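Structure, as structure tokens:
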Amino acid sequence: MALKDITLGQYFPGSTVLHRLDPRTKLVGTVAYIVALFLAKQLVSYGILLVLLAVLIAVSKVGLKAIVRGMKPVLVIVIITAVLNLFYTSGGGTPLVQFWIFKIYPEGIWAAVFMVLRIFMLITCTFLLTYTTSPIMLTDGLERLLGPLKRIGLPVHELSMMMSIALRFIPTLIEETDKIMSAQKARGADFDTGNLMQKAKALLPLLVPLFISAFRRADELATAMECRCYHGGEGRTRLRQLKLRGMDIAFLAGCLTLCVGIGVLRYLGL
Amino acid sequence: MDQAIIKTKDLRFSYPSEEGVALLVLDGVNLEIQQGSFVAVLGHNGSGKSTLAKHMNAILLPTGGAVYVDGMDTADEARLLDIRRTVGMVFQNPDNQIVANVVEEDVAFAPENLGVPPEEIRRRVDEALRQVDMYEYREHAPHLLSGGQKQRVAIAGVIAMRPRCIVLDEPTAMLDPIGRAEVLRTIQALNRESGVTVVLITHHMDEAAQADRLVVMAGGRIVADGAPRAVFQRVEELKSVGLTVPETIQLLWHLRQAGLDVPLDALSDEECAQALFQLLSGKEGKGFGSDS
Amino acid sequence: MEAILETHKLTHVYSAGTPFEHAALTDVDFTAYRGEYLGVIGRTGSGKSTLIQHLNGLLKPTSGQVRFEGRDIWESKARTRQTRFQVGLVFQYPEYQLFEETVYQDISFGPRNMGLDEGEVDRRVRQAAAFVGLSEQALEQSPFELSGGQKRRVAIAGVIAMEPSVLVLDEPTAGLDPVGVESILSNIRDYHRAKNATIILVSHSMDQVARTVDRLVVVENGRIPFTGAPREVFAHGAELARMGLGVPAMTRVFHRLRAMGVDIDPSVYTVEQARDAILAKLDRGPHKAGQRLCGEGKKEPADMEFSASLAENGMEHTPSDEGKGAE
């Protein structure tokens, strides 16, 4: 079934430099890259960021194909933003094209191109993060990074536990959805035809059992966790220890340089 | 060996129902489980066997009587963690007790909760995975494993706490014959080689037959308690509480009803075949001459 | 015998064209005859689940055909949909598919999808409920308030209410205790007899299936290595065990007995057959006459006694007919 083909939180195991970096480094790096992306104003800045991204993709050995495939779901949003930018950016001079109420200025074209480029680069760099970091490392990294926020009352441990449990149960629930769907089809349920209302109604025989099952699973899981002495984040140790190494420091320094560099370019207005 | 790891004293438990009438599930259970033993608890659905299991590590607390785990009263909240690390629990559905999406991370869950230092966690995880024969799968995603493999991961996740006793609540109910055999082998090895006390809740006769001691539950009470060999001879009594006996014993029981002189305590296929062999080869004349 | 449902060179390949490509079924010729009680056995991953999902058109063959009453079920869209109702499929743990507010409404889901009028839907719901031993009172309850065993009956009734001429059940007794197992099996037997329906019972364990079915089909590795009467199939006891299939205890004991040098037919699979075989063997002894009387006189009461306490509603229990096995 099509449902099984969806790969969520996809991770390509590997042992490249990018894979071996500490997840916290990669998280900070991704944020830094995005900041730089929004600071970028000039062609040069975009050029630098684009080259950097290409290098990182090459290093990660993930392959361009996987990244292109991942773009598909967001394509519609990208096109809409591009079109909006194209028409709603007004320039000082005369419009290039003019028809009915629409006017296209050269500035609009630039804005659209940059916007598209920016979105693609932004998505690609987050892909690089999830492709090279296992979900469990990612939640671990996030928990440690956000650790200090515990002091202001943010339930950091709980959030990261929820996230990792969600990741654990996604495949199970997808499989279950498939099974219930087949069972209802065997009783003549029709999920494909009819108008929107009918389709929504046809989903009830799927959604009700799915929710009930999810609650039952949650209940059993909670008991099982208690039986294994789970009592919140306090006093918990971890099997996997995160340690910042030389290459992490170097990478972080690179990120800082990048942000400062792009910021300076913007300030100088080159 | 004679120390009781779990002891229930006149244990009663009832669920409060809507009409205010309490539904009595356990009706005065007195049970002592000795350190290092392998006890099977047999009963049909609704006999109270799962409710009893849930009292063994304070998931449920008695509404009457008391339960002691290694001398600790399970109602004593201050000892909750000690109780739970002494008696581990494995449930029916392996999917709903695996927490992490990598096998070894899941096995590490309990030691992490207990604040065990990382190097020690690593040691325990590796050891637990080897004990259930799942070491090669340590980096796999649990949802891609077979039912039997998942259940063995769940068992590893419990033994990584180094409990002195494991209670398994129908651990094979959702498994196919291969998965069942894998899980049973694992349980037996844990009991024999590592000396872990095992309490196996089941309604499979052949599984119950593997234990040293068999406790039969019906209507919230213990109705039979003894060596499987002895308990299974009480064919009629078991039938009256909705249970059967292993087919090997059924056959011998039928032959006895037909007036033949056969032992009733052949539990394994081999013993049964042996008994039939003797019947067919040696005692042909004697067997039915006396009765017909 | 007239074939009602058959597959011809049925092949199913999952994830074709990707690195995960694997063939779940390869050139499978499978036949179910009208009115027979058929057992399909195979271990997890043998391809048996893929096979049964082809029988009512939930899966489409990669190549080959599925024919219901002689015609390809993929001939037209209407034909495929019609087959869904003619070949009822009860999945494993079917209680997890219940969704309606009352038992009645849930059972009526299938018949309503068939577009039947209210009167007919009502008749079918009540009759299906009766087949699985649900009381009138239970019909108005929420299915979620029932016990596990009761829920399973509701789910089975939901398929029976479509009055399929072929009823396929995947592990209908999984996770039930001996009382529940016997009760569900007797519900299925009732439907089988009352409607002369073809029953296809799918399982990975032979212990329960063996005594109920007329014929067995073994699925292994996407093919069908054995098919025949239970006695014929269990003659391959050792191979079956190697395939990871549960072999009935009596078959195992008799294979052992044979290995010990006793000249005895090892193809028994129920306690009754085993007892009769042993008694027959002893018959050669000196006190033949008396023993024969004793053995035959005992047969019925002994059977009844063992099963009466198992069949919850005091339903009749029929030991597998050995006559059929010998056919």
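Residues in the structure tokens are named by chain (A, B, ... in the order shown) and by number from 1 within that chain; ligands are numbered from 1 in the order shown.
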> Which residues, written as a PyMOL selection string, have at least one atom at most 7 Å from Thr270 in chain C, with only C-alpha atoms counted and residues fewer than 3 positions away on the same chain left out?
Replying inline: chain C and resi 211+250+273-274
May I have the residues from that selection written out with all heavy atoms, as a PDB file, in the first residue's frame?
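Full text of selection_37.pdb as output:
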ATOM      1  N   ARG C 211      -8.839 -30.645  13.823  1.00  0.00           N
ATOM      2  CA  ARG C 211     -10.036 -31.427  14.108  1.00  0.00           C
ATOM      3  C   ARG C 211     -11.277 -30.875  13.420  1.00  0.00           C
ATOM      4  O   ARG C 211     -12.294 -31.541  13.368  1.00  0.00           O
ATOM      5  CB  ARG C 211     -10.261 -31.514  15.615  1.00  0.00           C
ATOM      6  CG  ARG C 211     -10.401 -30.180  16.299  1.00  0.00           C
ATOM      7  CD  ARG C 211     -10.713 -30.340  17.766  1.00  0.00           C
ATOM      8  NE  ARG C 211      -9.565 -30.823  18.518  1.00  0.00           N
ATOM      9  CZ  ARG C 211      -9.556 -31.978  19.168  1.00  0.00           C
ATOM     10  NH1 ARG C 211     -10.596 -32.765  19.138  1.00  0.00           N
ATOM     11  NH2 ARG C 211      -8.505 -32.336  19.849  1.00  0.00           N
ATOM     12  N   MET C 250      -0.825 -35.208  19.135  1.00  0.00           N
ATOM     13  CA  MET C 250      -1.017 -36.630  18.878  1.00  0.00           C
ATOM     14  C   MET C 250      -0.186 -37.101  17.685  1.00  0.00           C
ATOM     15  O   MET C 250       0.361 -38.195  17.687  1.00  0.00           O
ATOM     16  CB  MET C 250      -2.502 -36.923  18.625  1.00  0.00           C
ATOM     17  CG  MET C 250      -3.359 -36.788  19.871  1.00  0.00           C
ATOM     18  SD  MET C 250      -2.874 -37.951  21.176  1.00  0.00           S
ATOM     19  CE  MET C 250      -1.996 -36.887  22.295  1.00  0.00           C
ATOM     20  N   GLN C 273      -8.835 -40.080  17.702  1.00  0.00           N
ATOM     21  CA  GLN C 273      -8.217 -40.968  16.716  1.00  0.00           C
ATOM     22  C   GLN C 273      -7.078 -41.754  17.350  1.00  0.00           C
ATOM     23  O   GLN C 273      -6.922 -42.951  17.102  1.00  0.00           O
ATOM     24  CB  GLN C 273      -7.647 -40.156  15.552  1.00  0.00           C
ATOM     25  CG  GLN C 273      -8.695 -39.552  14.661  1.00  0.00           C
ATOM     26  CD  GLN C 273      -8.076 -38.561  13.695  1.00  0.00           C
ATOM     27  OE1 GLN C 273      -6.881 -38.279  13.759  1.00  0.00           O
ATOM     28  NE2 GLN C 273      -8.889 -38.028  12.803  1.00  0.00           N
ATOM     29  N   ALA C 274      -6.299 -41.068  18.184  1.00  0.00           N
ATOM     30  CA  ALA C 274      -5.157 -41.719  18.806  1.00  0.00           C
ATOM     31  C   ALA C 274      -5.640 -42.857  19.709  1.00  0.00           C
ATOM     32  O   ALA C 274      -5.111 -43.969  19.674  1.00  0.00           O
ATOM     33  CB  ALA C 274      -4.354 -40.702  19.612  1.00  0.00           C
TER      34      ALA C 274
END
Near chain A, 7 Å: chain B residue rows, closest pairs, only C-alpha atoms, as a Markdown table:
| residue | atom | partner | partner_atom | distance |
| --- | --- | --- | --- | --- |
| B:Leu81 | CA | A:Cys229 | CA | 6.0 |
| B:Arg84 | CA | A:Cys227 | CA | 6.0 |
| B:Arg85 | CA | A:Cys229 | CA | 7.0 |
| B:Gly88 | CA | A:Cys227 | CA | 6.6 |
| B:Met89 | CA | A:Cys227 | CA | 6.4 |
| B:Asn96 | CA | A:Leu221 | CA | 5.1 |
| B:Gln97 | CA | A:Leu221 | CA | 5.2 |
| B:Val99 | CA | A:Ile165 | CA | 6.2 |
| B:Ala100 | CA | A:Arg168 | CA | 5.8 |
| B:Asn101 | CA | A:Arg168 | CA | 4.8 |
| B:Ala108 | CA | A:Leu239 | CA | 6.4 |
| B:Ala110 | CA | A:Arg228 | CA | 4.9 |
| B:Glu112 | CA | A:Thr237 | CA | 4.7 |
| B:Asn113 | CA | A:Arg236 | CA | 4.9 |
| B:Leu114 | CA | A:Arg236 | CA | 6.5 |
| B:Gly115 | CA | A:Arg236 | CA | 4.8 |
| B:Val116 | CA | A:Thr237 | CA | 6.3 |
| B:Pro117 | CA | A:Thr237 | CA | 6.5 |
| B:Pro118 | CA | A:Leu239 | CA | 4.9 |
| B:Ile121 | CA | A:Leu239 | CA | 5.9 |
| B:Arg122 | CA | A:Leu239 | CA | 6.3 |
| B:His143 | CA | A:Thr172 | CA | 6.7 |
| B:Val158 | CA | A:Arg228 | CA | 6.7 |
Keeping only N, CA and C atoms, write the selected residues to a file as a PDB file, in the first residue's frame.
ATOM      1  N   LEU B  81       9.991   1.996  43.799  1.00  0.00           N
ATOM      2  CA  LEU B  81      11.044   1.701  42.834  1.00  0.00           C
ATOM      3  C   LEU B  81      11.777   0.413  43.181  1.00  0.00           C
ATOM      4  N   ARG B  84       9.632  -2.457  42.104  1.00  0.00           N
ATOM      5  CA  ARG B  84       9.577  -2.654  40.654  1.00  0.00           C
ATOM      6  C   ARG B  84      10.894  -3.144  40.078  1.00  0.00           C
ATOM      7  N   ARG B  85      12.008  -2.799  40.729  1.00  0.00           N
ATOM      8  CA  ARG B  85      13.253  -3.324  40.186  1.00  0.00           C
ATOM      9  C   ARG B  85      13.521  -4.741  40.682  1.00  0.00           C
ATOM     10  N   GLY B  88      10.170  -7.679  37.765  1.00  0.00           N
ATOM     11  CA  GLY B  88       9.933  -7.091  36.439  1.00  0.00           C
ATOM     12  C   GLY B  88       8.699  -7.700  35.826  1.00  0.00           C
ATOM     13  N   MET B  89       8.147  -6.981  34.853  1.00  0.00           N
ATOM     14  CA  MET B  89       6.873  -7.416  34.287  1.00  0.00           C
ATOM     15  C   MET B  89       6.925  -7.376  32.764  1.00  0.00           C
ATOM     16  N   ASN B  96       3.379  -2.751  22.495  1.00  0.00           N
ATOM     17  CA  ASN B  96       2.999  -1.694  23.421  1.00  0.00           C
ATOM     18  C   ASN B  96       3.890  -1.607  24.650  1.00  0.00           C
ATOM     19  N   GLN B  97       5.044  -2.280  24.638  1.00  0.00           N
ATOM     20  CA  GLN B  97       5.948  -2.108  25.766  1.00  0.00           C
ATOM     21  C   GLN B  97       7.352  -1.735  25.313  1.00  0.00           C
ATOM     22  N   VAL B  99       9.702   1.085  23.994  1.00  0.00           N
ATOM     23  CA  VAL B  99       9.627   2.536  24.096  1.00  0.00           C
ATOM     24  C   VAL B  99      10.421   3.242  23.006  1.00  0.00           C
ATOM     25  N   ALA B 100      11.584   2.681  22.690  1.00  0.00           N
ATOM     26  CA  ALA B 100      12.500   3.401  21.803  1.00  0.00           C
ATOM     27  C   ALA B 100      12.485   2.803  20.402  1.00  0.00           C
ATOM     28  N   ASN B 101      13.032   3.540  19.436  1.00  0.00           N
ATOM     29  CA  ASN B 101      13.008   3.004  18.082  1.00  0.00           C
ATOM     30  C   ASN B 101      14.328   2.395  17.632  1.00  0.00           C
ATOM     31  N   ALA B 108      18.017  -0.210  27.164  1.00  0.00           N
ATOM     32  CA  ALA B 108      18.678   0.689  28.111  1.00  0.00           C
ATOM     33  C   ALA B 108      17.685   1.500  28.940  1.00  0.00           C
ATOM     34  N   ALA B 110      15.202   1.006  31.160  1.00  0.00           N
ATOM     35  CA  ALA B 110      15.051   0.813  32.608  1.00  0.00           C
ATOM     36  C   ALA B 110      16.313   1.205  33.383  1.00  0.00           C
ATOM     37  N   GLU B 112      18.489   3.324  32.575  1.00  0.00           N
ATOM     38  CA  GLU B 112      18.566   4.784  32.514  1.00  0.00           C
ATOM     39  C   GLU B 112      17.676   5.403  33.580  1.00  0.00           C
ATOM     40  N   ASN B 113      16.473   4.842  33.704  1.00  0.00           N
ATOM     41  CA  ASN B 113      15.550   5.360  34.712  1.00  0.00           C
ATOM     42  C   ASN B 113      16.090   5.193  36.118  1.00  0.00           C
ATOM     43  N   LEU B 114      16.875   4.121  36.291  1.00  0.00           N
ATOM     44  CA  LEU B 114      17.402   3.842  37.625  1.00  0.00           C
ATOM     45  C   LEU B 114      18.678   4.621  37.903  1.00  0.00           C
ATOM     46  N   GLY B 115      19.128   5.416  36.935  1.00  0.00           N
ATOM     47  CA  GLY B 115      20.312   6.241  37.144  1.00  0.00           C
ATOM     48  C   GLY B 115      21.601   5.459  37.154  1.00  0.00           C
ATOM     49  N   VAL B 116      21.631   4.339  36.423  1.00  0.00           N
ATOM     50  CA  VAL B 116      22.856   3.540  36.336  1.00  0.00           C
ATOM     51  C   VAL B 116      23.878   4.292  35.475  1.00  0.00           C
ATOM     52  N   PRO B 117      25.164   4.290  35.870  1.00  0.00           N
ATOM     53  CA  PRO B 117      26.175   4.999  35.065  1.00  0.00           C
ATOM     54  C   PRO B 117      26.272   4.420  33.648  1.00  0.00           C
ATOM     55  N   PRO B 118      26.586   5.289  32.654  1.00  0.00           N
ATOM     56  CA  PRO B 118      26.566   4.880  31.246  1.00  0.00           C
ATOM     57  C   PRO B 118      27.359   3.611  30.912  1.00  0.00           C
ATOM     58  N   ILE B 121      25.431   0.737  32.055  1.00  0.00           N
ATOM     59  CA  ILE B 121      24.253   0.514  31.215  1.00  0.00           C
ATOM     60  C   ILE B 121      24.668  -0.293  30.000  1.00  0.00           C
ATOM     61  N   ARG B 122      25.750   0.134  29.359  1.00  0.00           N
ATOM     62  CA  ARG B 122      26.244  -0.552  28.163  1.00  0.00           C
ATOM     63  C   ARG B 122      26.472  -2.038  28.473  1.00  0.00           C
ATOM     64  N   HIS B 143      10.134  -2.202  15.067  1.00  0.00           N
ATOM     65  CA  HIS B 143       8.925  -2.521  14.307  1.00  0.00           C
ATOM     66  C   HIS B 143       9.191  -3.424  13.115  1.00  0.00           C
ATOM     67  N   VAL B 158      13.465  -5.840  30.450  1.00  0.00           N
ATOM     68  CA  VAL B 158      13.160  -6.041  31.863  1.00  0.00           C
ATOM     69  C   VAL B 158      14.377  -6.599  32.601  1.00  0.00           C
TER      70      VAL B 158
END
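The closest residue to chain A, picked from C:Arg242, C:His8, C:Arg223, C:His54 and counting only C-alpha atoms, is C:His54.
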>> Please identify all residues of chain A having at least one atom at most 7 Å from any atom of chain C, considering only C-alpha atoms, and return them as a ChimeraX atom specification.
In response: /A:180,182-183,186-189,205,208-209
Selected residues written out with N, CA, C and O atoms, as a PDB file, in the first residue's frame:
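Final file, part18.pdb:
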ATOM      1  N   ILE A 180      -6.774  -1.721   9.400  1.00  0.00           N
ATOM      2  CA  ILE A 180      -8.177  -1.369   9.635  1.00  0.00           C
ATOM      3  C   ILE A 180      -8.839  -1.008   8.314  1.00  0.00           C
ATOM      4  O   ILE A 180      -9.973  -1.401   8.047  1.00  0.00           O
ATOM      5  N   SER A 182      -8.157  -2.161   5.340  1.00  0.00           N
ATOM      6  CA  SER A 182      -8.467  -3.399   4.616  1.00  0.00           C
ATOM      7  C   SER A 182      -9.681  -4.078   5.226  1.00  0.00           C
ATOM      8  O   SER A 182     -10.558  -4.564   4.509  1.00  0.00           O
ATOM      9  N   ALA A 183      -9.733  -4.112   6.561  1.00  0.00           N
ATOM     10  CA  ALA A 183     -10.845  -4.793   7.223  1.00  0.00           C
ATOM     11  C   ALA A 183     -12.173  -4.120   6.891  1.00  0.00           C
ATOM     12  O   ALA A 183     -13.176  -4.792   6.638  1.00  0.00           O
ATOM     13  N   ALA A 186     -13.221  -4.817   3.396  1.00  0.00           N
ATOM     14  CA  ALA A 186     -13.785  -6.162   3.291  1.00  0.00           C
ATOM     15  C   ALA A 186     -15.264  -6.147   3.669  1.00  0.00           C
ATOM     16  O   ALA A 186     -16.011  -7.042   3.313  1.00  0.00           O
ATOM     17  N   ARG A 187     -15.693  -5.133   4.404  1.00  0.00           N
ATOM     18  CA  ARG A 187     -17.118  -5.003   4.734  1.00  0.00           C
ATOM     19  C   ARG A 187     -17.783  -4.000   3.777  1.00  0.00           C
ATOM     20  O   ARG A 187     -18.835  -3.456   4.069  1.00  0.00           O
ATOM     21  N   GLY A 188     -17.124  -3.713   2.685  1.00  0.00           N
ATOM     22  CA  GLY A 188     -17.736  -2.890   1.644  1.00  0.00           C
ATOM     23  C   GLY A 188     -17.528  -1.395   1.818  1.00  0.00           C
ATOM     24  O   GLY A 188     -18.140  -0.603   1.113  1.00  0.00           O
ATOM     25  N   ALA A 189     -16.671  -0.984   2.751  1.00  0.00           N
ATOM     26  CA  ALA A 189     -16.425   0.453   2.918  1.00  0.00           C
ATOM     27  C   ALA A 189     -15.764   0.998   1.662  1.00  0.00           C
ATOM     28  O   ALA A 189     -14.978   0.315   1.030  1.00  0.00           O
ATOM     29  N   PRO A 205     -15.255   4.965  10.030  1.00  0.00           N
ATOM     30  CA  PRO A 205     -14.926   3.571  10.371  1.00  0.00           C
ATOM     31  C   PRO A 205     -13.433   3.325  10.453  1.00  0.00           C
ATOM     32  O   PRO A 205     -13.005   2.310  10.996  1.00  0.00           O
ATOM     33  N   VAL A 208     -12.283   6.045  14.049  1.00  0.00           N
ATOM     34  CA  VAL A 208     -12.719   5.643  15.393  1.00  0.00           C
ATOM     35  C   VAL A 208     -11.873   4.477  15.928  1.00  0.00           C
ATOM     36  O   VAL A 208     -11.291   4.591  17.007  1.00  0.00           O
ATOM     37  N   PRO A 209     -11.745   3.371  15.174  1.00  0.00           N
ATOM     38  CA  PRO A 209     -10.911   2.285  15.699  1.00  0.00           C
ATOM     39  C   PRO A 209      -9.464   2.703  15.894  1.00  0.00           C
ATOM     40  O   PRO A 209      -8.813   2.265  16.839  1.00  0.00           O
TER      41      PRO A 209
END
>> Near chain B, meaning an atom within 6 Å, which residues of chain C appear when counting only C-alpha atoms? Write them as a VMD selection string.
In response: chain C and resid 175 177 244 246 253 257 271 290
>> Quick one: residues within 12 Å of Met247 in chain A, only C-alpha atoms, excluding same-chain residues fewer than 6 positions away - as a count of residues only?
In response: 10
Backbone DSSP call of strand (DSSP E) for range 72-167 of chain C, listed as a CSV table (one decimal) with N, CA and C atoms, in the first residue's frame:
chain,number,residue,atom,x,y,z
C,72,ASP,N,-13.5,-14.3,-13.6
C,72,ASP,CA,-12.4,-13.4,-13.1
C,72,ASP,C,-13.0,-12.3,-12.2
C,87,VAL,N,-17.4,-13.0,-0.8
C,87,VAL,CA,-16.3,-13.7,-0.1
C,87,VAL,C,-16.0,-12.8,1.1
C,88,GLY,N,-16.6,-13.2,2.3
C,88,GLY,CA,-16.4,-12.4,3.5
C,88,GLY,C,-15.1,-12.7,4.1
C,89,LEU,N,-14.4,-11.7,4.5
C,89,LEU,CA,-13.1,-11.9,5.1
C,89,LEU,C,-13.0,-11.3,6.5
C,90,VAL,N,-12.7,-12.2,7.5
C,90,VAL,CA,-12.6,-11.7,8.9
C,90,VAL,C,-11.1,-11.7,9.2
C,166,VAL,N,-18.7,-17.6,0.8
C,166,VAL,CA,-17.4,-18.1,1.2
C,166,VAL,C,-17.0,-17.2,2.4
C,167,LEU,N,-16.7,-17.8,3.5
C,167,LEU,CA,-16.3,-17.1,4.7
C,167,LEU,C,-14.8,-17.4,5.0
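Taking CA of Leu258 in chain A and CA of Ala36 in chain A as endpoints, the distance between them is 7.0 Å.
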> Hey, what's within 12 Å of Phe120 in chain A if we count only C-alpha atoms and toss same-chain stuff fewer than 4 positions away? As a ChimeraX atom specification, please?
Replying inline: /A:34,37,49-50,53,67-68,70-72,74-75,77-79,81-82,113-116,124-127
Please produce an output containing N, CA, C and O atoms for each residue in the selection, written as an mmCIF file, in the first residue's frame.
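Output saved as part.cif:
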data_model
loop_
_atom_site.group_PDB
_atom_site.id
_atom_site.type_symbol
_atom_site.label_atom_id
_atom_site.label_comp_id
_atom_site.auth_asym_id
_atom_site.auth_seq_id
_atom_site.Cartn_x
_atom_site.Cartn_y
_atom_site.Cartn_z
ATOM 1 N N ILE A 34 20.299 28.902 8.623
ATOM 2 C CA ILE A 34 19.029 29.565 8.330
ATOM 3 C C ILE A 34 19.129 31.062 8.629
ATOM 4 O O ILE A 34 18.651 31.902 7.856
ATOM 5 N N LEU A 37 20.939 32.636 5.943
ATOM 6 C CA LEU A 37 20.082 32.685 4.758
ATOM 7 C C LEU A 37 19.182 33.911 4.791
ATOM 8 O O LEU A 37 18.941 34.565 3.775
ATOM 9 N N LEU A 49 26.481 30.745 0.187
ATOM 10 C CA LEU A 49 25.623 29.766 0.878
ATOM 11 C C LEU A 49 25.319 28.566 -0.009
ATOM 12 O O LEU A 49 25.260 27.428 0.457
ATOM 13 N N LEU A 50 25.129 28.826 -1.293
ATOM 14 C CA LEU A 50 24.803 27.751 -2.219
ATOM 15 C C LEU A 50 25.976 26.794 -2.371
ATOM 16 O O LEU A 50 25.823 25.569 -2.315
ATOM 17 N N LEU A 53 26.346 24.693 0.682
ATOM 18 C CA LEU A 53 25.341 23.640 0.725
ATOM 19 C C LEU A 53 25.743 22.471 -0.184
ATOM 20 O O LEU A 53 25.657 21.303 0.203
ATOM 21 N N ILE A 67 17.261 14.245 -2.085
ATOM 22 C CA ILE A 67 16.860 15.608 -1.730
ATOM 23 C C ILE A 67 15.778 16.113 -2.668
ATOM 24 O O ILE A 67 14.777 16.678 -2.243
ATOM 25 N N VAL A 68 15.961 15.843 -3.956
ATOM 26 C CA VAL A 68 14.953 16.261 -4.936
ATOM 27 C C VAL A 68 13.613 15.596 -4.623
ATOM 28 O O VAL A 68 12.560 16.222 -4.637
ATOM 29 N N GLY A 70 12.530 14.609 -1.816
ATOM 30 C CA GLY A 70 11.948 15.197 -0.611
ATOM 31 C C GLY A 70 11.276 16.533 -0.876
ATOM 32 O O GLY A 70 10.433 16.981 -0.109
ATOM 33 N N MET A 71 11.663 17.196 -1.986
ATOM 34 C CA MET A 71 11.117 18.510 -2.303
ATOM 35 C C MET A 71 9.671 18.440 -2.767
ATOM 36 O O MET A 71 8.925 19.400 -2.640
ATOM 37 N N LYS A 72 9.333 17.303 -3.375
ATOM 38 C CA LYS A 72 8.026 17.188 -4.019
ATOM 39 C C LYS A 72 6.855 17.701 -3.176
ATOM 40 O O LYS A 72 6.050 18.490 -3.675
ATOM 41 N N VAL A 74 6.569 19.912 -1.015
ATOM 42 C CA VAL A 74 6.509 21.346 -0.736
ATOM 43 C C VAL A 74 6.439 22.190 -1.998
ATOM 44 O O VAL A 74 6.344 23.409 -1.938
ATOM 45 N N LEU A 75 6.454 21.510 -3.143
ATOM 46 C CA LEU A 75 6.507 22.201 -4.416
ATOM 47 C C LEU A 75 5.373 23.223 -4.577
ATOM 48 O O LEU A 75 5.589 24.358 -5.000
ATOM 49 N N ILE A 77 3.627 24.836 -2.330
ATOM 50 C CA ILE A 77 3.826 26.021 -1.495
ATOM 51 C C ILE A 77 4.854 26.943 -2.140
ATOM 52 O O ILE A 77 4.684 28.165 -2.187
ATOM 53 N N VAL A 78 5.915 26.354 -2.658
ATOM 54 C CA VAL A 78 6.975 27.144 -3.282
ATOM 55 C C VAL A 78 6.419 27.918 -4.473
ATOM 56 O O VAL A 78 6.660 29.120 -4.615
ATOM 57 N N ILE A 79 5.632 27.229 -5.294
ATOM 58 C CA ILE A 79 5.078 27.897 -6.477
ATOM 59 C C ILE A 79 4.166 29.052 -6.064
ATOM 60 O O ILE A 79 4.260 30.158 -6.601
ATOM 61 N N THR A 81 4.220 30.838 -3.301
ATOM 62 C CA THR A 81 5.002 31.980 -2.802
ATOM 63 C C THR A 81 5.674 32.705 -3.943
ATOM 64 O O THR A 81 5.733 33.949 -3.960
ATOM 65 N N ALA A 82 6.171 31.951 -4.888
ATOM 66 C CA ALA A 82 6.849 32.574 -6.026
ATOM 67 C C ALA A 82 5.880 33.481 -6.783
ATOM 68 O O ALA A 82 6.197 34.629 -7.085
ATOM 69 N N VAL A 113 12.591 34.844 -7.575
ATOM 70 C CA VAL A 113 13.734 33.934 -7.713
ATOM 71 C C VAL A 113 14.424 33.725 -6.372
ATOM 72 O O VAL A 113 14.701 32.599 -5.951
ATOM 73 N N PHE A 114 14.662 34.816 -5.668
ATOM 74 C CA PHE A 114 15.348 34.707 -4.376
ATOM 75 C C PHE A 114 14.508 33.921 -3.375
ATOM 76 O O PHE A 114 15.026 33.123 -2.585
ATOM 77 N N MET A 115 13.196 34.186 -3.423
ATOM 78 C CA MET A 115 12.325 33.492 -2.479
ATOM 79 C C MET A 115 12.376 31.985 -2.715
ATOM 80 O O MET A 115 12.515 31.202 -1.780
ATOM 81 N N VAL A 116 12.274 31.603 -3.982
ATOM 82 C CA VAL A 116 12.321 30.181 -4.305
ATOM 83 C C VAL A 116 13.651 29.576 -3.863
ATOM 84 O O VAL A 116 13.706 28.523 -3.222
ATOM 85 N N THR A 124 16.582 22.130 2.054
ATOM 86 C CA THR A 124 17.706 21.226 1.837
ATOM 87 C C THR A 124 18.576 21.113 3.082
ATOM 88 O O THR A 124 18.996 20.025 3.464
ATOM 89 N N CYS A 125 18.802 22.234 3.747
ATOM 90 C CA CYS A 125 19.696 22.148 4.898
ATOM 91 C C CYS A 125 19.020 21.409 6.063
ATOM 92 O O CYS A 125 19.680 20.671 6.778
ATOM 93 N N THR A 126 17.703 21.542 6.212
ATOM 94 C CA THR A 126 17.052 20.748 7.270
ATOM 95 C C THR A 126 17.019 19.271 6.890
ATOM 96 O O THR A 126 17.152 18.403 7.742
ATOM 97 N N PHE A 127 16.874 19.010 5.581
ATOM 98 C CA PHE A 127 16.951 17.614 5.132
ATOM 99 C C PHE A 127 18.287 17.004 5.504
ATOM 100 O O PHE A 127 18.358 15.886 5.980
#
> Quick one: DSSP alpha helix (DSSP H) residues in range 33-126 of chain C, as a PyMOL selection string?
Replying inline: chain C and resi 48-55+77-86+103-113+118-126
> Got a sec: who's within 10 Å of Thr94 in chain A, counting only C-alpha atoms, leaving out chain neighbours fewer than 6 positions off, as a VMD selection string?
Replying inline: chain A and resid 103 to 106
